[in-house]
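Novice: mmCIF, C-alpha atoms, file entry.cif:
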```
data_input
loop_
_atom_site.label_atom_id
_atom_site.label_comp_id
_atom_site.auth_asym_id
_atom_site.auth_seq_id
_atom_site.Cartn_x
_atom_site.Cartn_y
_atom_site.Cartn_z
CA MET A 1 0.00 0.00 0.00
CA SER A 2 1.41 3.43 -0.95
CA LYS A 3 2.00 5.98 1.74
CA THR A 4 -0.64 8.71 1.98
CA ARG A 5 0.75 11.98 0.66
CA GLU A 6 0.07 15.30 2.37
CA VAL A 7 1.52 18.78 2.75
CA ARG A 8 1.68 20.26 6.25
CA LYS A 9 2.93 23.76 7.15
CA SER A 10 2.93 25.49 10.54
CA VAL A 11 3.82 29.01 11.63
CA VAL A 12 3.58 31.01 14.87
CA VAL A 13 2.15 34.49 14.38
CA ASP A 14 2.01 37.45 16.74
CA ALA A 15 -1.76 37.83 16.47
CA THR A 16 -4.86 36.67 18.29
CA PRO A 17 -6.49 33.34 17.34
CA GLU A 18 -9.53 35.33 16.19
CA LEU A 19 -7.52 37.42 13.71
CA ALA A 20 -5.66 34.33 12.47
CA PHE A 21 -8.93 32.47 11.93
CA GLU A 22 -10.37 35.42 10.00
CA ALA A 23 -7.26 35.43 7.80
CA LEU A 24 -7.86 31.76 6.95
CA THR A 25 -11.58 32.00 6.22
CA GLY A 26 -12.60 35.59 5.40
CA ALA A 27 -12.74 36.63 1.75
CA GLY A 28 -11.02 39.98 2.27
CA GLU A 29 -8.38 38.50 4.53
CA LEU A 30 -7.58 35.62 2.16
CA ARG A 31 -6.80 38.16 -0.54
CA GLU A 32 -4.27 39.83 1.73
CA TRP A 33 -1.93 36.84 1.92
CA CYS A 34 -3.16 34.01 -0.31
CA SER A 35 -5.13 34.72 -3.50
CA ASP A 36 -5.85 37.69 -5.78
CA GLN A 37 -9.64 37.28 -5.55
CA ALA A 38 -11.77 35.46 -2.98
CA TRP A 39 -15.41 34.74 -2.15
CA THR A 40 -16.44 32.81 0.96
CA GLU A 41 -19.63 31.72 2.70
CA VAL A 42 -18.26 30.94 6.15
CA ARG A 43 -20.80 28.37 7.33
CA PRO A 44 -20.97 24.58 7.32
CA GLY A 45 -21.64 23.60 3.70
CA GLY A 46 -20.94 27.14 2.50
CA ARG A 47 -19.07 27.56 -0.76
CA TYR A 48 -15.80 29.40 -1.38
CA GLU A 49 -13.76 30.31 -4.44
CA LEU A 50 -10.19 31.59 -4.72
CA ARG A 51 -8.68 33.03 -7.90
CA TRP A 52 -5.18 34.03 -8.89
CA ASN A 53 -4.22 36.37 -11.73
CA SER A 54 -2.15 33.51 -13.15
CA GLY A 55 -5.43 31.83 -14.13
CA TYR A 56 -5.41 29.22 -11.36
CA ARG A 57 -8.65 28.80 -9.40
CA ALA A 58 -9.64 26.67 -6.43
CA ASP A 59 -13.10 26.12 -5.05
CA GLY A 60 -15.03 23.86 -2.73
CA LYS A 61 -17.10 24.00 0.43
CA PHE A 62 -16.61 24.26 4.19
CA THR A 63 -16.91 20.83 5.76
CA GLU A 64 -15.91 21.83 9.32
CA LEU A 65 -16.09 25.09 11.26
CA ASP A 66 -15.12 25.63 14.88
CA PRO A 67 -14.16 29.33 15.18
CA PRO A 68 -11.51 30.33 16.05
CA HIS A 69 -9.90 26.90 16.35
CA ARG A 70 -10.46 24.86 13.22
CA ALA A 71 -11.86 24.89 9.70
CA ALA A 72 -11.79 22.36 6.87
CA VAL A 73 -12.68 22.64 3.20
CA THR A 74 -12.77 20.53 0.10
CA TRP A 75 -10.33 21.70 -2.60
CA ARG A 76 -10.53 21.39 -6.38
CA GLY A 77 -7.96 23.36 -8.35
CA THR A 78 -7.73 24.16 -12.04
CA GLY A 79 -6.38 21.21 -14.03
CA GLU A 80 -6.15 18.90 -11.01
CA PRO A 81 -7.23 15.27 -11.49
CA GLY A 82 -9.59 15.22 -8.54
CA GLU A 83 -10.72 16.74 -5.28
CA SER A 84 -8.48 17.05 -2.20
CA ALA A 85 -8.96 18.63 1.22
CA VAL A 86 -7.42 21.40 3.33
CA GLU A 87 -7.58 21.74 7.12
CA PHE A 88 -6.72 24.87 9.12
CA THR A 89 -5.92 24.55 12.82
CA VAL A 90 -5.42 27.55 15.11
CA ARG A 91 -4.22 27.34 18.71
CA PRO A 92 -2.69 29.75 21.22
CA VAL A 93 0.93 29.03 22.14
CA THR A 94 3.68 30.82 24.02
CA GLY A 95 4.61 33.86 21.95
CA GLY A 96 1.43 34.04 19.88
CA THR A 97 -0.83 31.78 17.85
CA GLU A 98 0.18 28.68 15.94
CA VAL A 99 -1.47 28.16 12.56
CA THR A 100 -1.20 24.75 10.88
CA ILE A 101 -2.34 24.12 7.31
CA ARG A 102 -2.70 20.50 6.19
CA HIS A 103 -3.43 19.74 2.53
CA HIS A 104 -4.24 16.05 1.99
CA GLY A 105 -6.37 13.68 -0.06
CA PHE A 106 -4.02 13.57 -3.04
CA GLY A 107 -4.25 10.52 -5.23
CA PRO A 108 -1.37 8.01 -5.51
CA GLY A 109 -0.86 8.25 -9.28
CA ALA A 110 1.78 10.14 -11.21
CA GLU A 111 -0.88 12.60 -12.39
CA TRP A 112 -0.91 13.97 -8.82
CA ASP A 113 2.86 14.55 -8.60
CA GLU A 114 2.77 18.11 -9.93
CA VAL A 115 -0.23 18.93 -7.74
CA VAL A 116 1.64 17.86 -4.61
CA LYS A 117 4.73 19.79 -5.70
CA ALA A 118 2.71 22.96 -6.36
CA SER A 119 0.89 22.57 -3.05
CA GLU A 120 4.17 22.26 -1.19
CA GLU A 121 5.56 25.42 -2.74
CA GLY A 122 2.29 27.34 -2.54
CA TRP A 123 1.63 26.70 1.15
CA ARG A 124 5.29 27.32 2.04
CA GLU A 125 5.09 30.80 0.56
CA GLY A 126 1.56 31.17 1.89
CA VAL A 127 2.32 30.70 5.59
CA GLU A 128 5.33 33.01 5.28
CA ASN A 129 3.08 35.71 3.83
CA LEU A 130 0.35 34.97 6.38
CA LYS A 131 2.81 35.77 9.16
CA SER A 132 4.02 38.93 7.42
CA THR A 133 0.57 40.36 6.73
CA LEU A 134 -0.77 39.59 10.20
CA GLU A 135 2.25 41.03 12.00
CA THR A 136 3.36 43.94 9.80
CA GLY A 137 0.70 44.39 7.12
CA VAL A 138 3.34 43.88 4.41
CA ASP A 139 2.29 41.59 1.55
CA LEU A 140 5.47 39.76 0.56
CA ARG A 141 4.03 39.11 -2.91
CA ARG A 142 4.27 42.86 -3.49
CA THR A 143 7.65 43.43 -1.89
CA ARG A 144 9.15 40.59 -3.92
CA GLN A 145 7.42 41.68 -7.09
CA PRO A 146 9.84 43.33 -9.52
CA PHE A 147 9.61 47.12 -9.54
CA LEU A 148 9.25 49.06 -12.77
CA GLY A 149 9.06 52.43 -11.03
CA ILE A 150 5.98 54.30 -12.22
CA ASN A 151 3.13 56.21 -10.63
CA LEU A 152 0.22 54.90 -12.63
CA ASP A 153 -3.43 55.22 -13.52
CA LEU A 154 -5.72 53.56 -16.05
CA LEU A 155 -6.12 55.09 -19.47
CA THR A 156 -9.70 56.27 -19.84
CA PRO A 157 -11.49 57.17 -23.09
CA SER A 158 -11.76 60.82 -21.98
CA ARG A 159 -8.04 61.02 -21.20
CA ALA A 160 -7.14 59.36 -24.50
CA ALA A 161 -9.30 61.89 -26.37
CA GLU A 162 -8.01 64.89 -24.43
CA GLU A 163 -4.35 64.01 -24.89
CA GLY A 164 -4.55 62.52 -28.38
CA ILE A 165 -3.38 59.07 -27.35
CA ALA A 166 -3.70 56.37 -30.00
CA ALA A 167 -4.77 53.62 -27.58
CA ASP A 168 -8.06 52.40 -26.15
CA GLN A 169 -6.71 50.92 -22.93
CA GLY A 170 -3.50 50.47 -21.01
CA ILE A 171 -1.52 51.74 -18.02
CA TYR A 172 -1.18 55.52 -18.02
CA VAL A 173 2.12 56.82 -16.64
CA LEU A 174 1.64 59.74 -14.25
CA ASP A 175 5.34 59.93 -13.35
CA THR A 176 8.43 57.78 -12.94
CA VAL A 177 10.39 57.14 -9.75
CA GLU A 178 13.88 58.58 -9.38
CA GLY A 179 16.49 55.85 -9.93
CA SER A 180 13.99 53.36 -11.35
CA GLY A 181 14.20 51.24 -14.47
CA ALA A 182 11.28 53.16 -15.97
CA ARG A 183 13.07 56.49 -15.70
CA ALA A 184 16.31 55.05 -17.03
CA ALA A 185 14.39 53.61 -20.00
CA GLY A 186 13.02 57.07 -20.84
CA LEU A 187 9.36 56.63 -19.88
CA VAL A 188 7.64 59.97 -19.29
CA LYS A 189 4.31 61.31 -18.09
CA GLY A 190 1.58 60.57 -20.62
CA ASP A 191 3.07 57.32 -21.91
CA VAL A 192 0.66 54.38 -21.97
CA ILE A 193 2.09 50.91 -21.34
CA VAL A 194 0.21 48.39 -23.48
CA ALA A 195 2.46 45.35 -22.93
CA LEU A 196 5.29 44.26 -20.67
CA ALA A 197 7.56 41.24 -21.20
CA GLY A 198 5.35 40.10 -24.05
CA LYS A 199 2.10 40.23 -22.04
CA GLU A 200 -0.63 42.76 -22.80
CA THR A 201 -1.43 45.18 -19.96
CA PRO A 202 -4.93 46.62 -20.43
CA GLY A 203 -5.40 46.96 -16.65
CA PHE A 204 -3.78 46.79 -13.23
CA GLY A 205 -4.33 43.03 -12.85
CA GLU A 206 -2.62 42.21 -16.12
CA LEU A 207 0.33 44.51 -15.32
CA GLY A 208 0.71 42.82 -11.94
CA ALA A 209 0.60 39.36 -13.50
CA ALA A 210 3.23 40.36 -16.08
CA LEU A 211 5.52 41.69 -13.35
CA ARG A 212 5.04 38.64 -11.14
CA ALA A 213 6.30 36.45 -13.98
CA CYS A 214 9.62 38.35 -13.83
CA ARG A 215 12.37 38.84 -11.25
CA ALA A 216 14.24 41.87 -10.01
CA GLY A 217 17.19 42.42 -12.32
CA ASP A 218 15.40 41.17 -15.45
CA VAL A 219 15.60 43.36 -18.54
CA VAL A 220 12.16 43.39 -20.17
CA ASP A 221 10.55 44.82 -23.28
CA VAL A 222 8.02 47.56 -22.52
CA GLU A 223 5.63 48.36 -25.37
CA LEU A 224 4.07 51.79 -25.06
CA VAL A 225 2.04 54.39 -26.89
CA ARG A 226 3.27 57.98 -26.78
CA GLY A 227 0.71 60.20 -28.40
CA GLN A 228 0.16 58.73 -31.85
CA GLU A 229 3.39 56.74 -31.87
CA ARG A 230 3.84 53.12 -30.77
CA MET A 231 7.31 52.13 -29.57
CA ALA A 232 9.22 49.59 -27.51
CA VAL A 233 11.95 50.21 -24.95
CA LYS A 234 13.94 47.96 -22.63
CA ALA A 235 13.71 48.48 -18.87
CA THR A 236 15.60 46.87 -16.00
CA LEU A 237 13.31 45.80 -13.17
CA GLY A 238 14.37 46.67 -9.63
CA SER A 239 13.22 45.66 -6.15
CA ARG A 240 10.03 47.21 -4.82
CA PRO A 241 10.55 49.80 -2.06
CA GLN A 242 8.12 49.93 0.86
CA ARG A 243 6.54 53.17 2.04
CA ASP A 244 6.75 53.88 5.75
CA VAL A 245 3.24 54.26 7.15
CA PRO A 246 2.06 55.50 10.57
CA ALA A 247 1.12 52.91 13.17
CA THR A 248 -2.14 54.51 14.32
CA ALA A 249 -5.19 56.16 12.79
CA ALA A 250 -4.47 59.42 14.63
CA GLU A 251 -0.90 59.59 13.30
CA LEU A 252 -2.08 58.84 9.77
CA ALA A 253 -4.80 61.52 10.00
CA ASP A 254 -2.28 64.09 11.24
CA LEU A 255 0.15 63.31 8.42
CA LEU A 256 -2.63 63.39 5.82
CA ALA A 257 -3.86 66.77 7.14
CA GLN A 258 -0.31 68.14 6.78
CA GLN A 259 -0.16 66.94 3.18
CA HIS A 260 -3.59 68.43 2.48
CA ALA A 261 -2.47 71.79 3.87
CA GLN A 262 0.52 71.84 1.52
CA VAL A 263 -1.64 70.91 -1.48
CA ASN A 264 -4.24 73.53 -0.62
CA THR A 265 -1.60 76.25 -0.34
CA GLU A 266 -0.51 75.36 -3.88
CA LEU A 267 -4.13 75.30 -5.10
CA LYS A 268 -4.98 78.71 -3.63
CA ALA A 269 -1.87 80.19 -5.20
CA ALA A 270 -2.84 78.72 -8.57
CA VAL A 271 -6.30 80.35 -8.59
CA GLU A 272 -5.42 83.64 -6.90
CA GLY A 273 -6.76 86.54 -8.98
CA VAL A 274 -8.47 84.27 -11.50
CA THR A 275 -11.84 85.50 -12.79
CA GLU A 276 -14.93 83.34 -13.14
CA ALA A 277 -14.69 83.63 -16.93
CA GLU A 278 -11.04 82.51 -16.92
CA ALA A 279 -11.92 79.57 -14.66
CA GLU A 280 -14.65 78.49 -17.10
CA HIS A 281 -12.45 78.59 -20.18
CA GLN A 282 -11.80 75.24 -21.87
CA PRO A 283 -8.40 75.25 -23.62
CA ALA A 284 -9.74 73.04 -26.42
CA ALA A 285 -12.69 70.82 -27.24
CA GLY A 286 -12.85 67.96 -24.76
CA GLU A 287 -10.32 69.56 -22.36
CA TRP A 288 -11.39 70.55 -18.86
CA SER A 289 -11.60 74.11 -17.63
CA ALA A 290 -10.19 75.01 -14.21
CA LYS A 291 -13.69 74.69 -12.74
CA GLN A 292 -14.27 71.29 -14.33
CA THR A 293 -10.92 70.09 -12.98
CA LEU A 294 -11.90 71.28 -9.50
CA ALA A 295 -15.25 69.48 -9.88
CA HIS A 296 -13.31 66.33 -10.72
CA LEU A 297 -11.11 66.76 -7.65
CA THR A 298 -14.04 67.21 -5.28
CA GLU A 299 -15.99 64.35 -6.85
CA GLY A 300 -12.89 62.15 -6.63
CA GLU A 301 -12.31 63.03 -2.97
CA ARG A 302 -15.90 62.09 -2.12
CA GLY A 303 -15.51 58.87 -4.03
CA PHE A 304 -12.38 58.22 -1.98
CA HIS A 305 -14.53 58.39 1.17
CA LEU A 306 -16.55 55.45 -0.15
CA ILE A 307 -13.37 53.52 -0.91
CA LEU A 308 -12.00 54.09 2.60
CA VAL A 309 -15.24 53.06 4.31
CA ASN A 310 -15.52 49.91 2.21
CA ILE A 311 -11.92 48.91 2.90
CA ALA A 312 -12.40 49.60 6.61
CA LEU A 313 -15.43 47.32 6.77
CA ASN A 314 -14.79 44.71 4.09
CA GLY A 315 -11.10 44.87 3.29
CA TRP A 316 -11.42 45.66 -0.43
CA LEU A 317 -13.34 47.70 -2.96
CA ASP A 318 -13.18 46.58 -6.59
CA GLY A 319 -14.68 49.33 -8.69
CA GLY A 320 -13.41 48.16 -12.05
CA PRO A 321 -12.24 50.49 -14.80
CA VAL A 322 -15.20 52.94 -14.54
CA TYR A 323 -14.53 56.43 -13.18
CA PRO A 324 -17.50 58.35 -11.72
CA ASP A 325 -16.78 61.44 -13.80
CA GLN A 326 -17.30 59.31 -16.92
CA ILE A 327 -20.98 59.18 -15.99
CA PRO A 328 -22.76 61.69 -18.28
CA GLY A 329 -23.43 64.93 -16.44
CA ARG A 330 -21.47 64.02 -13.28
CA LEU A 331 -19.18 67.06 -13.37
CA ASP A 332 -22.04 69.27 -14.57
CA ALA A 333 -24.00 68.25 -11.47
CA VAL A 334 -21.14 69.39 -9.21
CA LEU A 335 -20.90 72.71 -11.06
CA ALA A 336 -24.67 73.23 -10.94
CA VAL A 337 -24.58 73.04 -7.14
CA THR A 338 -21.24 74.84 -6.71
CA PRO A 339 -20.87 77.25 -9.64
CA THR A 340 -18.20 79.65 -8.33
CA LEU A 341 -14.44 79.19 -8.34
CA GLN A 342 -14.11 80.04 -4.66
CA GLY A 343 -16.98 77.70 -3.80
CA LEU A 344 -15.29 74.83 -5.63
CA VAL A 345 -11.99 75.44 -3.85
CA GLU A 346 -13.70 75.55 -0.46
CA ARG A 347 -15.70 72.43 -1.27
CA PHE A 348 -12.57 70.47 -2.18
CA ILE A 349 -10.80 71.62 0.99
CA THR A 350 -13.82 70.56 3.05
CA ASP A 351 -13.88 67.17 1.32
CA GLN A 352 -10.19 66.70 2.15
CA ALA A 353 -10.85 67.56 5.79
CA GLU A 354 -13.60 64.96 5.82
CA THR A 355 -11.15 62.37 4.47
CA ALA A 356 -8.79 63.06 7.38
CA ALA A 357 -11.74 62.87 9.81
CA ILE A 358 -12.77 59.48 8.41
CA VAL A 359 -9.23 58.21 8.91
CA ARG A 360 -9.06 59.61 12.45
CA GLY A 361 -12.27 57.80 13.35
CA LEU A 362 -11.31 54.38 12.01
CA PRO A 363 -12.36 51.64 14.44
CA GLU A 364 -9.77 49.62 16.31
CA THR A 365 -10.97 46.49 14.48
CA THR A 366 -9.69 48.04 11.25
CA ILE A 367 -6.32 49.03 12.76
CA ALA A 368 -5.91 45.47 14.10
CA HIS A 369 -6.05 44.18 10.51
CA LYS A 370 -2.57 45.45 9.72
CA ALA A 371 -2.60 44.60 6.02
CA ARG A 372 -5.93 46.38 5.63
CA PHE A 373 -4.73 49.48 7.50
CA ARG A 374 -1.46 49.56 5.54
CA ARG A 375 -3.38 49.46 2.26
CA MET A 376 -5.58 52.37 3.41
CA ALA A 377 -2.54 54.36 4.56
CA GLU A 378 -0.74 53.86 1.25
CA LEU A 379 -3.81 55.05 -0.67
CA CYS A 380 -4.20 58.10 1.57
CA LEU A 381 -0.57 59.16 1.35
CA ALA A 382 -0.56 58.78 -2.44
CA SER A 383 -3.68 60.92 -2.98
CA PRO A 384 -1.93 64.35 -2.79
CA ASP A 385 0.10 63.41 -5.89
CA HIS A 386 -3.18 63.08 -7.79
CA ALA A 387 -4.26 66.52 -6.61
CA ARG A 388 -0.96 68.10 -7.65
CA GLU A 389 -1.28 66.63 -11.13
CA HIS A 390 -4.61 68.40 -11.53
CA ILE A 391 -3.33 71.66 -10.02
CA GLU A 392 -0.89 71.73 -12.94
CA GLN A 393 -3.84 71.10 -15.25
CA ILE A 394 -5.67 74.06 -13.66
CA LYS A 395 -2.63 76.30 -14.20
CA GLN A 396 -2.48 75.30 -17.86
CA ALA A 397 -6.21 75.97 -18.37
CA ILE A 398 -5.86 79.43 -16.80
CA ALA A 399 -2.79 80.21 -18.91
CA ALA A 400 -4.73 79.22 -22.03
CA ALA A 401 -7.61 81.51 -21.00
CA ARG A 402 -5.26 84.45 -20.53
CA ALA A 403 -3.44 83.80 -23.78
#
```
Before we go any further, please render this structure as structure tokens.
Specialist:
Amino acid sequence: MSKTREVRKSVVVDATPELAFEALTGAGELREWCSDQAWTEVRPGGRYELRWNSGYRADGKFTELDPPHRAAVTWRGTGEPGESAVEFTVRPVTGGTEVTIRHHGFGPGAEWDEVVKASEEGWREGVENLKSTLETGVDLRRTRQPFLGINLDLLTPSRAAEEGIAADQGIYVLDTVEGSGARAAGLVKGDVIVALAGKETPGFGELGAALRACRAGDVVDVELVRGQERMAVKATLGSRPQRDVPATAAELADLLAQQHAQVNTELKAAVEGVTEAEAEHQPAAGEWSAKQTLAHLTEGERGFHLILVNIALNGWLDGGPVYPDQIPGRLDAVLAVTPTLQGLVERFITDQAETAAIVRGLPETTIAHKARFRRMAELCLASPDHAREHIEQIKQAIAAARA
């Protein structure tokens, strides 16, 4: 009789059994250390599904639940010859909580060999990342992901039309990071990355998957569209730096308020002495006026409130590629309610203050989920860069009006 094959991994984490159990069973928490997408019905007989950007998927049902001590599920992965099983055990020990993952039920045949090998590697990396996300909030999949070095956004139809970009979709480059492979390769603001290392990049998920297939130090082909021209450059991928984030909601709110104050000083200087007519001038067909840009900023800040609240409660918010100001009449609605330049500036400043207030009032349950809080902090601290980009756009619109 052949020996039963199984994969067993254990790790001690500095977290409560309750937080560890959530990480093993909750959809939002599973995405923080294990999969790229997750859906779970945490009840006996409830279904779950995990998806990775690589195309691999696993699904099954909960066969055992004893929170916060034990859970068991059936497991059927893409291309696997049959169903297996996974058990999670959580128990308090000296120095923290021990988590054990046991994957078993593999068949004896050669067709299962690759499944066992992949399970061994996957759970080894998984428990390492589980410990990191629970203790520090750092997702090792991101830190180990090769770094191109761009501040990015999605290309939208309105942006493509405004800037005369000959692409329908792709990764829009807002800026490049000093010392990065992107800057060394000559990428500039306004470039749209449409493929990396031979893989098309219509969205964030595809760019991430393309990068994860590479290693730091690799030299890769980057296909991009610059205006009406399509070109290819070679870029050397680096290691991904980690932003330092505050440890508490109060510290994050204070830092965010400081950044807002700096941005608002720049904004007030940009619109000082500007007339209502100048602020309403559109430099060209399809290009925003200063007032329309301010309407976009205030609408975006309010949308950010929704993102923060959803992350605080659920861990994630997947809005897809749709931007609210693409909705017909969305910016016109803001301008109908707040028609003056000064009113728009004050509204945006108020919206920013509300963002800081939301952060300051985050519940302790959110702060305890360190990966969740880190993700919120990184989003908050990156938002002033978005505002500064549009302050430059406001300056250009005003200059065009005065010309």
Novice: Run the PyMOL selection byres ((chain A and resi 78) around 9) against the file shown and list the residues it catches, as a ChimeraX atom specification.
Specialist: /A:55-58,76-77,79-81
Novice: Could you list the residues chosen by the PyMOL selection byres ((chain A and resi 372) around 9) in this structure as a CSV table (one decimal) with C-alpha atoms, in the coordinates of the input?
Specialist:
```csv
chain,number,residue,atom,x,y,z
A,28,GLY,CA,-11.0,40.0,2.3
A,29,GLU,CA,-8.4,38.5,4.5
A,32,GLU,CA,-4.3,39.8,1.7
A,133,THR,CA,0.6,40.4,6.7
A,137,GLY,CA,0.7,44.4,7.1
A,311,ILE,CA,-11.9,48.9,2.9
A,312,ALA,CA,-12.4,49.6,6.6
A,315,GLY,CA,-11.1,44.9,3.3
A,316,TRP,CA,-11.4,45.7,-0.4
A,366,THR,CA,-9.7,48.0,11.2
A,367,ILE,CA,-6.3,49.0,12.8
A,368,ALA,CA,-5.9,45.5,14.1
A,369,HIS,CA,-6.0,44.2,10.5
A,370,LYS,CA,-2.6,45.4,9.7
A,371,ALA,CA,-2.6,44.6,6.0
A,373,PHE,CA,-4.7,49.5,7.5
A,374,ARG,CA,-1.5,49.6,5.5
A,375,ARG,CA,-3.4,49.5,2.3
A,376,MET,CA,-5.6,52.4,3.4
A,377,ALA,CA,-2.5,54.4,4.6
```
Novice: Which of these residues is nearest to Pro241 in chain A, using all atoms listed in the file: A:Arg330, A:Arg142, A:Arg215, A:Arg347?
Specialist: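 Among A:Arg330, A:Arg142, A:Arg215, A:Arg347, it is A:Arg142 that comes nearest to Pro241 in chain A.
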Novice: Between A:Phe204, A:Trp33, A:Phe348, A:Trp39, which one has atoms that come closest to Gly122 in chain A, using all atoms listed in the file?
Specialist: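 Among the listed residues, the smallest separation from Gly122 in chain A belongs to A:Trp33.
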Novice: Taking the file as shown, find all residues satisfying the PyMOL selection byres ((chain A and resi 5) around 7) and write them as a PyMOL selection string.
Specialist: chain A and resi 3-4+6+104+106
Novice: To one decimal place, how far is CA of Lys234 in chain A from CA of Val222 in chain A in Å?
Specialist: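 Taking CA of Lys234 in chain A and CA of Val222 in chain A, their separation equals 5.9 Å.
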Novice: Could you put an axis-aligned box around every listed atom of range 22-32 of chain A, padded by 8 Å on each side, and send me its centre and edge lengths in Å to one decimal, as AutoDock Vina command-line options?
Specialist:
```
--center_x -8.5 --center_y 35.9 --center_z 4.7 --size_x 24.5 --size_y 24.2 --size_z 26.5
```
Novice: How would range 99-152 of chain A look written as a tab-separated table (two decimals), in the first residue's frame with C-alpha atoms?
Specialist:
```
chain	number	residue	atom	x	y	z
A	99	VAL	CA	-1.47	28.16	12.56
A	100	THR	CA	-1.20	24.75	10.88
A	101	ILE	CA	-2.34	24.12	7.31
A	102	ARG	CA	-2.70	20.50	6.19
A	103	HIS	CA	-3.43	19.74	2.53
A	104	HIS	CA	-4.24	16.05	1.99
A	105	GLY	CA	-6.37	13.68	-0.06
A	106	PHE	CA	-4.02	13.57	-3.04
A	107	GLY	CA	-4.25	10.52	-5.23
A	108	PRO	CA	-1.37	8.01	-5.51
A	109	GLY	CA	-0.86	8.25	-9.28
A	110	ALA	CA	1.78	10.14	-11.21
A	111	GLU	CA	-0.88	12.60	-12.39
A	112	TRP	CA	-0.91	13.97	-8.82
A	113	ASP	CA	2.86	14.55	-8.60
A	114	GLU	CA	2.77	18.11	-9.93
A	115	VAL	CA	-0.23	18.93	-7.74
A	116	VAL	CA	1.64	17.86	-4.61
A	117	LYS	CA	4.73	19.79	-5.70
A	118	ALA	CA	2.71	22.96	-6.36
A	119	SER	CA	0.89	22.57	-3.05
A	120	GLU	CA	4.17	22.26	-1.19
A	121	GLU	CA	5.56	25.42	-2.74
A	122	GLY	CA	2.29	27.34	-2.54
A	123	TRP	CA	1.63	26.70	1.15
A	124	ARG	CA	5.29	27.32	2.04
A	125	GLU	CA	5.09	30.80	0.56
A	126	GLY	CA	1.56	31.17	1.89
A	127	VAL	CA	2.32	30.70	5.59
A	128	GLU	CA	5.33	33.01	5.28
A	129	ASN	CA	3.08	35.71	3.83
A	130	LEU	CA	0.35	34.97	6.38
A	131	LYS	CA	2.81	35.77	9.16
A	132	SER	CA	4.02	38.93	7.42
A	133	THR	CA	0.57	40.36	6.73
A	134	LEU	CA	-0.77	39.59	10.20
A	135	GLU	CA	2.25	41.03	12.00
A	136	THR	CA	3.36	43.94	9.80
A	137	GLY	CA	0.70	44.39	7.12
A	138	VAL	CA	3.34	43.88	4.41
A	139	ASP	CA	2.29	41.59	1.55
A	140	LEU	CA	5.47	39.76	0.56
A	141	ARG	CA	4.03	39.11	-2.91
A	142	ARG	CA	4.27	42.86	-3.49
A	143	THR	CA	7.65	43.43	-1.89
A	144	ARG	CA	9.15	40.59	-3.92
A	145	GLN	CA	7.42	41.68	-7.09
A	146	PRO	CA	9.84	43.33	-9.52
A	147	PHE	CA	9.61	47.12	-9.54
A	148	LEU	CA	9.25	49.06	-12.77
A	149	GLY	CA	9.06	52.43	-11.03
A	150	ILE	CA	5.98	54.30	-12.22
A	151	ASN	CA	3.13	56.21	-10.63
A	152	LEU	CA	0.22	54.90	-12.63
```
